[in-house]
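Enquirer: First the structure, then my questions, so here it is.
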Amino acid sequence: MSEHHIVSPKIYIAIFFALMVCTLLTVYAATVDLNQYFSGLNIIVALVIATFKASLVVLFFMHGKYSPKRTQLVIICSVFWLAIMLFMTMSDYVTRLWS
Amino acid sequence: MHRTGELFGQFETMDQQRESASLGMWVFLSTEVLFFGGMFMTYTLNRSTYPDVFGEASRSINLPLGAVNTIVLIASSLTMAMSVWASQVGKKQLLTIFLILTLILGSVFLGIKGIEYHEKFVEHHVPGLNFSFEPGASVATNAHAQLFFSLYFAMTGLHALHMIVGAGLLIWLIKQSLKGRFTPEYSTPVDLIGLYWHFVDIVWIFLFPLLYLIDRH
């Protein structure tokens with residue numbers, strides 16, 4: 001069954017190198033003033049890279065890609081609940097000073 | 001409880017048993033996402049309110065140490081993933097070796113973290129303990145910088161606590177694996193502690209850019 005899928009060490013090592021490249025990229029991107037092009041671009045780039053790295057870890061190191069659908073549903077739910085908390089709270093705070 | 005070999009009575013097959021265990025672990029990890037989530041929420045709110053002071057405070061953290069620690073932790077995730085592989089294919093000696101490597105890398109991470117904390121103590125950047133951000137900083141700047149460092153210590157501290165728990169679990173795994181307890185049929189503890197270890201890695205993947213890399217240009 002899908003759960004007992006054995007991921008080969010080659011894939012793990014490839015993912016490790018991809019994560020290393022992304023780490024160097026995120027450090028480099030932070031030293032460049034991207035905000036001059038678009039306000040807040042630095043943090044957006046940093047978060048996009050971090051989310052991409054986290055996805056690689058979940059999909060391959062944590063076997064998310066090879067897990068049964070009900071396990072994948074739990075993974076997606078955890079991110080969704082976090083998004084609800086961040087989105088609802090921030091939409092409250094940023095709209096308070098309307099007067 | 002009724003048990004046939006490694007199969008507990010409530011399950012039909014080994015695959016079902018394995019899937020149930022990892023599903024349970026993922027449910028636990030989603031509670032962990034929300035546990036850390038509260039801190040990320042506080043961080044987001046305060047950073048969006050005081051972006052400049054957060055940038056200044058972030059630049060005072062030792063970036064090379066943080067970057068090296070990121071590499072060390074991702075490497076420990078690799079050795080953990082390799083442990084899972086070794087247990088799945090029944091290479092018992094390799095399993096022990098990879099688990100020990102993971103423990104060593106985890107300890108290196110905690111050691112480097114300790115050096116960083118020491119620096120912050122020396123610089124009076126620990127909130128509440130004779131805190132002073134920069135000579136001549138205004139009262140407001142000092143207060144907001146203190147907010148940043150409170151979040152820095154709370155978030156990296158909670159993360160480090162998870163690492164310490166993980167190191168304890170690894171020591172237990174190493175002892176079990178030395179006894180030859182894990183086989184391709186039964187390696188649930190290795191799989192589940194692996195999931196936990198990778199989760200802690202993911203938390204750091206977000207902490208690193210959020211705490212160390214604000215306005216470094």
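Residues are referred to by chain and number: the chain letter is A, B, ... according to the order shown in the structure tokens, the number counts from 1 in that chain, and ligands are numbered separately from 1 in the order shown.
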What are the nearest atom pairs, with distances in Å to one decimal, for all residues of chain A that come at most 6 Å from chain B, using only C-alpha atoms, set out by chain and rising residue number as CSV?

Expert:
```
residue,atom,partner,partner_atom,distance
A:Ala30,CA,B:Arg216,CA,5.5
A:Thr31,CA,B:His217,CA,4.2
A:Val32,CA,B:His217,CA,5.3
A:Asp33,CA,B:His217,CA,5.5
A:Ala50,CA,B:Phe206,CA,5.8
A:Ala54,CA,B:Ile202,CA,5.5
A:Phe61,CA,B:Ala81,CA,5.7
A:Met62,CA,B:Leu195,CA,5.7
A:Thr71,CA,B:Leu23,CA,5.5
A:Ser78,CA,B:Ser30,CA,4.8
A:Leu86,CA,B:Met41,CA,5.9
```

Enquirer: Among chain A, which ones does DSSP place in alpha helix (DSSP H), written as number ranges by chain?

Expert: A: 9-31, 41-56, 69-93

Enquirer: Please measure the separation of atom CA of B:Thr156 and atom CA of A:Ile13, giving the value in Å to one decimal.

Expert: 27.0 Å

Enquirer: Do you know which residues are at most 9 Å from A:His63 counting only C-alpha atoms, after dropping those on the same chain fewer than 5 positions away, and could you put them as a list in words?

Expert: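 Near A:His63, the qualifying residues are Glu3, His5, Val7, Val57 and Val58 of chain A; Leu195 of chain B.
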
Enquirer: Those same residues - N, CA and C atoms - I'd like them written as a CSV table (one decimal), in the first residue's frame.

Expert:
```
chain,number,residue,atom,x,y,z
A,3,GLU,N,1.3,3.7,1.9
A,3,GLU,CA,2.0,4.2,3.1
A,3,GLU,C,3.4,3.6,3.2
A,5,HIS,N,5.5,3.0,1.1
A,5,HIS,CA,6.4,3.3,-0.1
A,5,HIS,C,7.8,3.6,0.5
A,7,VAL,N,11.1,5.5,0.0
A,7,VAL,CA,11.7,6.6,-0.8
A,7,VAL,C,13.2,6.3,-0.9
A,57,VAL,N,10.0,19.4,2.5
A,57,VAL,CA,10.2,18.6,3.7
A,57,VAL,C,8.9,17.7,3.9
A,58,VAL,N,7.7,18.3,3.8
A,58,VAL,CA,6.5,17.6,4.0
A,58,VAL,C,6.3,16.5,3.0
B,195,LEU,N,8.8,11.9,11.8
B,195,LEU,CA,7.8,13.0,11.5
B,195,LEU,C,8.0,14.2,12.4
```

Enquirer: Taking 4 positions as the minimum chain separation for residues in the same chain, which residues sit within 10 Å of stretch 110-123 of chain B when counting only C-alpha atoms? Answer as a VMD selection string.

Expert: chain B and resid 60 to 63 65 to 66 68 to 69 72 to 73 104 to 106 127 129 to 134 149 153 156 to 157 160 to 161 163 to 164

Enquirer: Within chain B, find each residue whose DSSP state, derived from the backbone, is strand (DSSP E), and express the selection as a PyMOL selection string.

Expert: chain B and resi 3-4+7-8

Enquirer: Filtering to C-alpha atoms, could you give me those residues as a short mmCIF file (atom, residue, chain, number, x, y, z; two decimals), in the first residue's frame?

Expert:
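And here's out.cif as it stands now:
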```cif
data_model
loop_
_atom_site.label_atom_id
_atom_site.label_comp_id
_atom_site.auth_asym_id
_atom_site.auth_seq_id
_atom_site.Cartn_x
_atom_site.Cartn_y
_atom_site.Cartn_z
CA ARG B 3 -1.37 -9.59 19.42
CA THR B 4 -0.02 -11.61 16.50
CA LEU B 7 0.24 -6.82 14.67
CA PHE B 8 -2.02 -5.56 17.44
#
```

Enquirer: Can you measure atom CA of B:Gly166 to atom CA of B:Val190 for me? One decimal in Å is fine.

Expert: 11.8 Å
